[in-house]
>>> print(open('work31.tsv').read())   # TSV, C-alpha atoms
chain	number	residue	atom	x	y	z
A	1	MET	CA	81.29	129.10	94.88
A	2	GLY	CA	80.72	125.36	94.63
A	3	ASN	CA	84.38	124.85	93.88
A	4	LEU	CA	85.42	126.83	96.94
A	5	ASN	CA	83.04	125.05	99.29
A	6	GLN	CA	84.11	121.63	98.05
A	7	TYR	CA	87.76	122.64	98.42
A	8	LEU	CA	87.27	123.90	101.97
A	9	VAL	CA	85.37	120.77	103.00
A	10	GLU	CA	88.28	118.63	101.78
A	11	LEU	CA	90.78	120.90	103.48
A	12	GLU	CA	88.94	120.76	106.80
A	13	ALA	CA	88.62	116.98	106.59
A	14	SER	CA	92.39	116.70	106.34
A	15	LEU	CA	92.78	118.74	109.52
A	16	ASP	CA	90.60	116.53	111.68
A	17	HIS	CA	93.25	115.99	114.35
A	18	LEU	CA	93.16	119.68	115.25
A	19	ASP	CA	90.68	121.34	117.57
A	20	ALA	CA	87.71	123.08	116.02
A	21	ALA	CA	88.94	126.65	116.62
A	22	THR	CA	92.30	126.02	114.91
A	23	ARG	CA	90.59	124.25	112.01
A	24	ARG	CA	88.16	127.12	111.57
A	25	GLU	CA	90.96	129.68	111.49
A	26	ILE	CA	92.99	127.74	108.92
A	27	VAL	CA	89.94	127.28	106.69
A	28	GLU	CA	89.05	130.98	107.01
A	29	GLU	CA	92.59	132.01	106.12
A	30	VAL	CA	92.75	129.75	103.06
A	31	ALA	CA	89.24	130.80	101.97
A	32	GLY	CA	90.35	134.45	102.12
A	33	HIS	CA	93.40	133.71	100.00
A	34	LEU	CA	91.35	131.84	97.40
A	35	LYS	CA	88.77	134.64	97.21
A	36	ASP	CA	91.52	137.24	96.72
A	37	GLN	CA	93.17	135.11	94.07
A	38	ALA	CA	89.87	134.44	92.28
A	39	HIS	CA	89.10	138.16	92.32
A	40	TYR	CA	92.47	138.82	90.67
A	41	PHE	CA	91.69	136.27	87.94
A	42	GLN	CA	88.26	137.81	87.43
A	43	LEU	CA	89.85	141.19	86.78
A	44	SER	CA	91.84	139.58	84.00
A	45	GLY	CA	88.61	138.51	82.30
A	46	LEU	CA	87.76	135.05	83.62
A	47	SER	CA	84.25	134.19	84.80
A	48	GLU	CA	83.54	133.78	88.52
A	49	GLU	CA	83.47	130.02	88.26
A	50	GLU	CA	86.60	129.79	86.11
A	51	SER	CA	88.43	132.15	88.45
A	52	MET	CA	87.71	130.10	91.54
A	53	SER	CA	88.52	126.90	89.73
A	54	LYS	CA	91.88	128.32	88.65
A	55	ALA	CA	92.56	129.74	92.12
A	56	THR	CA	92.02	126.38	93.81
A	57	ARG	CA	94.13	124.65	91.15
A	58	CYS	CA	97.00	127.09	91.68
A	59	PHE	CA	96.78	126.67	95.44
A	60	GLY	CA	97.39	122.93	95.31
A	61	ARG	CA	95.40	119.84	96.31
A	62	ALA	CA	93.33	120.51	99.42
A	63	VAL	CA	94.32	117.21	101.02
A	64	ASP	CA	98.05	117.85	100.51
A	65	ILE	CA	97.93	121.44	101.73
A	66	GLY	CA	95.79	120.46	104.73
A	67	ARG	CA	98.19	117.66	105.63
A	68	LYS	CA	101.19	119.99	105.41
A	69	ILE	CA	99.54	122.68	107.52
A	70	GLY	CA	98.25	120.05	109.95
A	71	GLU	CA	101.74	118.65	110.47
A	72	VAL	CA	102.84	122.00	111.84
A	73	HIS	CA	100.13	122.11	114.50
A	74	PRO	CA	100.33	119.70	117.41
A	75	PRO	CA	96.90	118.27	118.24
A	76	ARG	CA	95.31	119.83	121.29
A	77	ARG	CA	93.44	117.46	123.53
A	78	GLY	CA	91.87	118.15	126.85
A	79	PHE	CA	92.34	116.18	130.05
A	80	GLY	CA	89.23	114.05	129.45
A	81	LEU	CA	90.33	112.88	126.05
A	82	SER	CA	93.89	112.25	127.23
A	83	ALA	CA	92.52	110.16	130.09
A	84	ALA	CA	90.24	108.24	127.70
A	85	ALA	CA	93.18	107.49	125.40
A	86	VAL	CA	95.27	106.29	128.35
A	87	ILE	CA	92.43	104.04	129.55
A	88	VAL	CA	92.00	102.46	126.12
A	89	LEU	CA	95.79	102.02	125.96
A	90	LEU	CA	95.65	100.38	129.38
A	91	GLN	CA	92.89	98.05	128.21
A	92	GLY	CA	94.98	97.01	125.21
A	93	SER	CA	98.13	96.65	127.31
A	94	LEU	CA	96.36	94.44	129.86
A	95	LEU	CA	95.03	92.21	127.11
A	96	LEU	CA	98.50	92.06	125.60
A	97	ALA	CA	99.96	91.14	128.99
A	98	VAL	CA	97.40	88.37	129.39
A	99	LEU	CA	98.22	87.09	125.91
A	100	LEU	CA	101.96	87.12	126.58
A	101	LEU	CA	101.36	85.31	129.86
A	102	GLY	CA	99.32	82.75	127.99
A	103	LEU	CA	102.17	82.20	125.59
A	104	GLY	CA	104.49	81.61	128.52
A	105	ILE	CA	106.72	84.57	127.79
A	106	GLY	CA	105.27	86.93	130.35
A	107	PRO	CA	106.95	87.64	133.66
A	108	LEU	CA	104.49	85.78	135.86
A	109	HIS	CA	103.78	82.57	133.92
A	110	LEU	CA	100.27	82.34	135.25
A	111	PRO	CA	98.37	79.24	134.20
A	112	MET	CA	96.72	79.90	130.86
A	113	PRO	CA	95.35	77.53	128.27
A	114	ILE	CA	98.13	76.01	126.22
A	115	ILE	CA	98.02	76.98	122.57
A	116	SER	CA	96.62	74.14	120.55
A	117	PRO	CA	94.91	73.82	117.18
A	118	GLU	CA	91.61	74.15	119.05
A	119	ASN	CA	92.35	77.46	120.75
A	120	GLY	CA	94.93	78.80	118.27
A	121	LEU	CA	92.27	80.78	116.44
A	122	THR	CA	91.05	82.19	119.72
A	123	TYR	CA	94.54	83.43	120.50
A	124	LEU	CA	94.84	84.92	117.02
A	125	ALA	CA	91.50	86.71	117.39
A	126	ALA	CA	92.52	87.95	120.85
A	127	PHE	CA	95.78	89.27	119.41
A	128	VAL	CA	93.93	91.13	116.66
A	129	ILE	CA	91.53	92.60	119.22
A	130	THR	CA	94.50	93.65	121.36
A	131	LEU	CA	96.11	95.41	118.41
A	132	THR	CA	92.76	97.07	117.69
A	133	TYR	CA	92.70	98.46	121.24
A	134	LEU	CA	96.21	99.84	120.83
A	135	ALA	CA	95.31	101.37	117.46
A	136	ALA	CA	92.16	102.90	118.99
A	137	ALA	CA	94.23	104.42	121.81
A	138	TYR	CA	96.63	105.90	119.24
A	139	GLY	CA	93.73	107.25	117.18
A	140	LEU	CA	92.20	108.88	120.26
A	141	TRP	CA	95.53	110.39	121.30
A	142	GLN	CA	95.98	111.79	117.80
A	143	MET	CA	92.35	112.96	117.84
A	144	ARG	CA	91.46	111.10	114.67
A	145	ARG	CA	87.83	110.48	113.87
A	146	TRP	CA	88.48	106.77	113.36
A	147	GLY	CA	90.05	106.63	116.83
A	148	PHE	CA	86.75	107.74	118.36
A	149	PHE	CA	84.68	105.29	116.31
A	150	LEU	CA	87.03	102.40	117.03
A	151	SER	CA	87.15	103.12	120.76
A	152	ILE	CA	83.38	103.44	121.06
A	153	SER	CA	82.89	100.20	119.09
A	154	LEU	CA	85.31	98.32	121.35
A	155	GLN	CA	83.58	99.56	124.49
A	156	LEU	CA	80.18	98.56	123.10
A	157	LEU	CA	81.54	95.10	122.28
A	158	GLU	CA	82.93	94.90	125.82
A	159	LEU	CA	79.59	95.87	127.25
A	160	ALA	CA	77.85	93.28	125.11
A	161	GLY	CA	80.33	90.70	126.38
A	162	VAL	CA	81.42	89.84	122.85
A	163	ILE	CA	85.10	90.50	123.51
A	164	ASN	CA	87.37	90.10	126.48
A	165	ARG	CA	87.24	92.82	129.07
A	166	GLY	CA	90.43	94.71	129.55
A	167	THR	CA	89.16	96.69	132.50
A	168	THR	CA	86.85	94.19	134.13
A	169	TRP	CA	88.83	94.72	137.34
A	170	VAL	CA	87.35	98.22	137.62
A	171	GLY	CA	83.80	97.34	138.50
A	172	PHE	CA	81.38	96.89	141.31
A	173	SER	CA	79.29	93.99	142.49
A	174	THR	CA	75.59	94.17	143.24
A	175	ALA	CA	72.91	91.66	144.00
A	176	TYR	CA	72.25	91.52	140.26
A	177	GLY	CA	75.86	90.84	139.26
A	178	THR	CA	79.15	92.59	138.58
A	179	PHE	CA	79.12	95.70	136.49
A	180	ASP	CA	82.00	97.31	134.64
A	181	VAL	CA	82.59	101.01	135.14
A	182	ILE	CA	85.02	101.93	132.37
A	183	PRO	CA	83.14	100.88	129.18
A	184	PRO	CA	79.87	102.66	130.10
A	185	LEU	CA	81.78	105.79	131.04
A	186	LEU	CA	83.69	105.80	127.75
A	187	VAL	CA	80.54	105.03	125.76
A	188	LEU	CA	78.93	108.08	127.34
A	189	TYR	CA	81.94	110.38	127.22
A	190	LEU	CA	83.46	109.70	123.79
A	191	PRO	CA	80.41	110.68	121.66
A	192	ILE	CA	80.13	113.92	123.66
A	193	ALA	CA	83.84	114.59	123.17
A	194	TYR	CA	83.51	113.76	119.46
A	195	VAL	CA	80.70	116.29	118.98
A	196	ARG	CA	82.73	118.90	120.86
A	197	TYR	CA	86.07	118.38	119.15
A	198	PHE	CA	84.71	118.09	115.64
A	199	GLN	CA	81.91	120.61	116.18
A	200	VAL	CA	79.28	118.27	114.81
A	201	ARG	CA	76.04	120.12	114.29
A	202	MET	CA	73.32	118.24	116.07
A	203	PRO	CA	69.73	118.31	114.74
A	204	TRP	CA	68.56	120.55	117.59
A	205	ASN	CA	71.11	123.32	116.86
A	206	ARG	CA	71.19	123.15	113.08
A	207	SER	CA	68.57	125.86	112.75
A	208	ARG	CA	70.88	128.31	114.55
A	209	ALA	CA	73.75	127.72	112.10
B	1	MET	CA	116.57	118.59	93.11
B	2	THR	CA	118.02	121.38	90.98
B	3	LEU	CA	120.34	124.03	92.40
B	4	TYR	CA	117.58	126.61	92.06
B	5	TYR	CA	115.18	124.62	94.25
B	6	GLN	CA	117.87	123.90	96.81
B	7	ILE	CA	118.76	127.56	97.14
B	8	ARG	CA	115.13	128.63	97.19
B	9	LYS	CA	114.27	126.11	99.86
B	10	GLY	CA	117.06	127.45	102.00
B	11	SER	CA	116.09	131.06	101.46
B	12	THR	CA	112.29	130.96	101.85
B	13	GLU	CA	112.33	131.75	105.56
B	14	THR	CA	114.73	134.67	105.01
B	15	LEU	CA	112.58	136.05	102.20
B	16	LEU	CA	109.41	135.89	104.29
B	17	LEU	CA	111.06	137.42	107.35
B	18	SER	CA	112.54	140.14	105.19
B	19	LEU	CA	109.13	141.09	103.77
B	20	LEU	CA	107.50	141.02	107.18
B	21	SER	CA	110.26	143.17	108.67
B	22	GLU	CA	108.88	146.04	106.56
B	23	ARG	CA	105.28	145.80	107.70
B	24	PRO	CA	102.66	143.22	108.75
B	25	MET	CA	101.15	141.42	105.76
B	26	TYR	CA	98.55	138.72	105.12
B	27	GLY	CA	99.28	135.55	103.19
B	28	TYR	CA	97.98	136.59	99.78
B	29	GLN	CA	99.80	139.93	100.05
B	30	ILE	CA	103.06	138.16	100.90
B	31	ALA	CA	102.69	135.87	97.88
B	32	ARG	CA	102.07	138.81	95.54
B	33	GLU	CA	104.92	140.92	96.97
B	34	LEU	CA	107.31	138.03	96.64
B	35	GLU	CA	106.26	137.44	93.06
B	36	GLN	CA	106.34	141.09	92.01
B	37	ARG	CA	109.61	142.08	93.66
B	38	SER	CA	111.50	139.10	92.30
B	39	GLU	CA	109.74	139.37	88.91
B	40	GLY	CA	108.38	135.87	89.39
B	41	TYR	CA	111.71	134.31	90.35
B	42	PHE	CA	110.68	133.61	93.95
B	43	ALA	CA	107.00	132.94	93.22
B	44	MET	CA	105.97	130.22	95.69
B	45	GLU	CA	103.46	127.47	95.13
B	46	GLU	CA	100.79	129.35	96.98
B	47	GLY	CA	99.43	126.57	99.12
B	48	LEU	CA	102.91	125.89	100.47
B	49	LEU	CA	103.21	129.43	101.79
B	50	TYR	CA	100.84	128.69	104.66
B	51	PRO	CA	102.56	125.61	106.11
B	52	THR	CA	105.77	127.70	106.13
B	53	LEU	CA	104.09	130.69	107.78
B	54	HIS	CA	102.38	128.48	110.36
B	55	ARG	CA	105.65	126.70	111.15
B	56	MET	CA	107.40	130.05	111.58
B	57	GLU	CA	104.59	131.13	113.87
B	58	GLN	CA	104.97	127.96	115.95
B	59	GLU	CA	108.70	128.66	116.20
B	60	GLY	CA	108.02	132.20	117.37
B	61	LEU	CA	109.64	133.88	114.37
B	62	VAL	CA	106.40	135.60	113.37
B	63	GLY	CA	103.27	136.58	115.23
B	64	SER	CA	99.79	137.03	113.84
B	65	GLU	CA	96.56	138.86	114.43
B	66	TRP	CA	93.16	138.82	112.76
B	67	ARG	CA	92.01	142.15	111.39
B	68	THR	CA	88.49	142.84	110.24
B	69	VAL	CA	88.49	144.20	106.70
B	70	SER	CA	84.75	144.23	106.05
B	71	GLU	CA	81.60	143.03	107.75
B	72	GLU	CA	82.14	139.44	106.73
B	73	ARG	CA	85.86	139.35	106.00
B	74	ARG	CA	88.81	139.02	108.33
B	75	ARG	CA	92.42	138.67	107.36
B	76	LYS	CA	95.24	137.11	109.31
B	77	TYR	CA	98.17	139.49	109.34
B	78	TYR	CA	101.64	138.21	110.11
B	79	CYS	CA	104.34	140.33	111.70
B	80	ILE	CA	107.95	139.65	112.58
B	81	THR	CA	108.83	139.05	116.23
B	82	ASP	CA	112.04	140.03	118.07
B	83	LYS	CA	113.24	136.45	117.69
B	84	GLY	CA	112.43	136.65	113.98
B	85	LYS	CA	114.43	139.86	113.65
B	86	LYS	CA	117.49	138.19	115.19
B	87	VAL	CA	117.14	135.16	112.92
B	88	LEU	CA	116.73	137.47	109.93
B	89	ALA	CA	119.85	139.47	110.82
B	90	ASN	CA	121.92	136.28	111.17
B	91	SER	CA	120.47	134.82	108.02
B	92	VAL	CA	121.11	137.94	105.95
B	93	ALA	CA	124.70	138.07	107.24
B	94	GLU	CA	125.18	134.42	106.27
B	95	TRP	CA	123.73	134.98	102.81
B	96	MET	CA	125.95	138.02	102.27
B	97	THR	CA	129.06	136.08	103.26
B	98	PHE	CA	127.97	133.14	101.11
B	99	THR	CA	127.32	135.18	97.98
B	100	GLU	CA	130.43	137.32	98.46
B	101	ARG	CA	132.68	134.24	98.79
B	102	LEU	CA	130.87	132.52	95.95
B	103	MET	CA	131.43	135.50	93.67
B	104	ARG	CA	135.08	135.61	94.65
B	105	VAL	CA	135.39	132.08	93.32
B	106	ILE	CA	133.15	132.16	90.30
B	107	GLY	CA	132.69	135.89	89.79
B	108	GLY	CA	135.60	136.26	87.41
B	109	LYS	CA	134.21	133.67	85.04
B	110	ARG	CA	131.81	134.31	82.20
B	111	ASN	CA	130.15	131.44	80.36
B	112	GLY	CA	132.39	129.04	82.21
B	113	GLN	CA	135.54	130.73	80.87
B	114	PRO	CA	137.98	132.51	83.17
B	115	GLU	CA	138.16	136.27	82.71
B	116	PRO	CA	141.42	137.39	81.03
B	117	ILE	CA	144.03	138.61	83.49
B	118	PRO	CA	144.40	142.37	83.04
B	119	GLY	CA	147.76	143.71	81.90
>>> encode(input="work31.tsv", output="structure tokens")
Amino acid sequence: MGNLNQYLVELEASLDHLDAATRREIVEEVAGHLKDQAHYFQLSGLSEEESMSKATRCFGRAVDIGRKIGEVHPPRRGFGLSAAAVIVLLQGSLLLAVLLLGLGIGPLHLPMPIISPENGLTYLAAFVITLTYLAAAYGLWQMRRWGFFLSISLQLLELAGVINRGTTWVGFSTAYGTFDVIPPLLVLYLPIAYVRYFQVRMPWNRSRA
Amino acid sequence: MTLYYQIRKGSTETLLLSLLSERPMYGYQIARELEQRSEGYFAMEEGLLYPTLHRMEQEGLVGSEWRTVSEERRRKYYCITDKGKKVLANSVAEWMTFTERLMRVIGGKRNGQPEPIPG
């Protein structure tokens, strides 16, 4: 059964943009087919291991089949995840707007540092970060694992003050300083959403599995 | 792409709908029926059957339900929907017209040679 398990793990990994229930059903359906096929091969004299190996080979590469099935199913995302993706997109868009303004091609022509050899690298880095935000928003919208990781990383970097803040305007001031609202919220929400969407088994509920 | 693959690609949906119009079937059963009835001619690459079935389900041509077959086994049975029946009827009519007209053109030829005119 090692062959089957390995195959199903690969298949499920290629369906990671789908919600857990849909993924589970697809994997169950394919597992059933492979078991039936392996049983048929066993009747013709092959060993259990050879039968399953042949069944998976006949079925096609798990990654390819998963991708083809996955293309048929639109990703399902809840309101929270949609909102998170929009917020990250907004962060990236604001940074992009600021960059374009700095280059003098934005609509408002606000005073920004002129590009020079000294700050050229800074602009380049800011542009890369902006693109990373946009990619993260896309990844979240498509419910890709990397979209979650990228978004969380960006919010942590924002919180640490390492990178520019796209949503620094959504914050509140206290006697101790100004605090952002969006990055902490996303840092709290996205891991929870990740565990839910990908049905990650946490240490405290592994024993029940 | 050879003529065979072009024709088969265009007929897969009709073949699946035709099988499911007889009775609900699960994926493995569909694959075997298709293979046996066509004597292997329409045998599909098995993994590709499911993307097709799932697409047809998304399009509302087939429906599905899980049936428990043993304590730890369930099977997903597909059945044709009303929309699928209409599509099948149209598709069959088109195939009949196509093959009839095709045979009118090439039917009189054997091995590329025209059949002798009687009389």
>>> closest_atom_pairs(input="work31.tsv", of="chain B", to="chain A", cutoff="10 Å", atoms="only C-alpha atoms", output="CSV")
residue,atom,partner,partner_atom,distance
B:Tyr26,CA,A:His33,CA,8.8
B:Gly27,CA,A:His33,CA,6.9
B:Tyr28,CA,A:His33,CA,5.4
B:Gln29,CA,A:His33,CA,8.9
B:Ala31,CA,A:His33,CA,9.8
B:Arg32,CA,A:Gln37,CA,9.7
B:Met44,CA,A:Phe59,CA,9.9
B:Glu45,CA,A:Phe59,CA,6.7
B:Glu46,CA,A:Phe59,CA,5.1
B:Gly47,CA,A:Phe59,CA,4.5
B:Leu48,CA,A:Ile65,CA,6.8
B:Leu49,CA,A:Phe59,CA,9.4
B:Tyr50,CA,A:Ile69,CA,6.8
B:Pro51,CA,A:Ile69,CA,4.4
B:Thr52,CA,A:Ile69,CA,8.1
B:Leu53,CA,A:Ile69,CA,9.2
B:His54,CA,A:Val72,CA,6.7
B:Arg55,CA,A:Val72,CA,5.5
B:Met56,CA,A:Val72,CA,9.3
B:Glu57,CA,A:Val72,CA,9.5
B:Gln58,CA,A:Val72,CA,7.5
B:Glu59,CA,A:Val72,CA,9.9
B:Trp66,CA,A:Glu25,CA,9.5
B:Arg73,CA,A:Gly32,CA,7.7
B:Arg74,CA,A:Gly32,CA,7.9
B:Arg75,CA,A:Glu29,CA,6.8
B:Lys76,CA,A:Glu29,CA,6.6
B:Tyr77,CA,A:Glu29,CA,9.9
>>> atom_distance(input="work31.tsv", atom1="CA of Phe198 in chain A", atom2="CA of Trp141 in chain A")
14.4 Å
>>> atom_distance(input="work31.tsv", atom1="CA of Tyr197 in chain A", atom2="CA of Ala135 in chain A")
19.4 Å
>>> closest_residue(input="work31.tsv", among="B:Ser70, B:Ser64, B:Ser38, B:Ser11", to="Val92 in chain B", atoms="all atoms listed in the file")
B:Ser11
>>> atom_distance(input="work31.tsv", atom1="CA of Gly84 in chain B", atom2="CA of Ser21 in chain B")
8.7 Å
>>> axis_aligned_box(input="work31.tsv", around="range 66-70 of chain B", padding_each_side="5 Å", output="AutoDock Vina command-line options")
--center_x 89.0 --center_y 141.5 --center_z 109.4 --size_x 18.4 --size_y 15.4 --size_z 16.7
>>> closest_residue(input="work31.tsv", among="A:Ala136, A:Leu157, A:Leu4, A:Leu18", to="Glu50 in chain A", atoms="all atoms listed in the file")
A:Leu4
>>> closest_residue(input="work31.tsv", among="A:Thr22, A:Pro183, A:Val27, A:Ala193", to="Ser153 in chain A", atoms="all atoms listed in the file")
A:Pro183
>>> residues_near_point(input="work31.tsv", point="(82.4, 111.9, 127.1)", cutoff="12 Å", atoms="only C-alpha atoms", output="PyMOL selection string")
chain A and resi 78-85+148+151-152+182-197
>>> residues_near_point(input="work31.tsv", point="(112.2, 137.2, 101.7)", cutoff="10 Å", atoms="all atoms listed in the file", output="list in words")
Ser11, Thr12, Glu13, Thr14, Leu15, Leu16, Leu17, Ser18, Leu19, Leu20, Ser21, Ile30, Glu33, Leu34, Arg37, Ser38, Phe42, Leu88 and Val92 of chain B
>>> build_atoms(input="work31.tsv", residues="range 29-48 of chain B", atoms="N, CA and C atoms", output="compact mmCIF listing (two decimals), in the coordinates of the input")
# COMPACT_ATOMS: atom_id res chain seq x y z
N GLN B 29 98.95 138.74 100.29
CA GLN B 29 99.80 139.93 100.05
C GLN B 29 101.27 139.51 100.00
N ILE B 30 101.67 138.64 100.88
CA ILE B 30 103.06 138.16 100.90
C ILE B 30 103.39 137.47 99.58
N ALA B 31 102.46 136.61 99.14
CA ALA B 31 102.69 135.87 97.88
C ALA B 31 102.87 136.82 96.71
N ARG B 32 102.00 137.85 96.66
CA ARG B 32 102.07 138.81 95.54
C ARG B 32 103.36 139.65 95.60
N GLU B 33 103.69 140.11 96.81
CA GLU B 33 104.92 140.92 96.97
C GLU B 33 106.15 140.14 96.53
N LEU B 34 106.17 138.89 96.96
CA LEU B 34 107.31 138.03 96.64
C LEU B 34 107.43 137.85 95.13
N GLU B 35 106.29 137.66 94.50
CA GLU B 35 106.26 137.44 93.06
C GLU B 35 106.67 138.71 92.31
N GLN B 36 106.09 139.84 92.73
CA GLN B 36 106.34 141.09 92.01
C GLN B 36 107.78 141.57 92.18
N ARG B 37 108.27 141.54 93.42
CA ARG B 37 109.61 142.08 93.66
C ARG B 37 110.70 141.25 93.00
N SER B 38 110.46 139.95 92.90
CA SER B 38 111.50 139.10 92.30
C SER B 38 111.20 138.84 90.82
N GLU B 39 110.18 139.55 90.31
CA GLU B 39 109.74 139.37 88.91
C GLU B 39 109.46 137.89 88.62
N GLY B 40 108.82 137.26 89.58
CA GLY B 40 108.38 135.87 89.39
C GLY B 40 109.41 134.84 89.79
N TYR B 41 110.63 135.27 90.07
CA TYR B 41 111.71 134.31 90.35
C TYR B 41 111.45 133.55 91.65
N PHE B 42 110.93 134.26 92.66
CA PHE B 42 110.68 133.61 93.95
C PHE B 42 109.20 133.30 94.16
N ALA B 43 108.43 133.25 93.08
CA ALA B 43 107.00 132.94 93.22
C ALA B 43 106.87 131.56 93.87
N MET B 44 106.13 131.50 94.98
CA MET B 44 105.97 130.22 95.69
C MET B 44 104.72 129.52 95.22
N GLU B 45 104.72 128.19 95.32
CA GLU B 45 103.46 127.47 95.13
C GLU B 45 102.59 127.90 96.30
N GLU B 46 101.47 128.56 95.95
CA GLU B 46 100.79 129.35 96.98
C GLU B 46 100.36 128.57 98.21
N GLY B 47 99.88 127.36 97.98
CA GLY B 47 99.43 126.57 99.12
C GLY B 47 100.55 126.26 100.10
N LEU B 48 101.77 126.24 99.61
CA LEU B 48 102.91 125.89 100.47
C LEU B 48 103.38 127.06 101.32
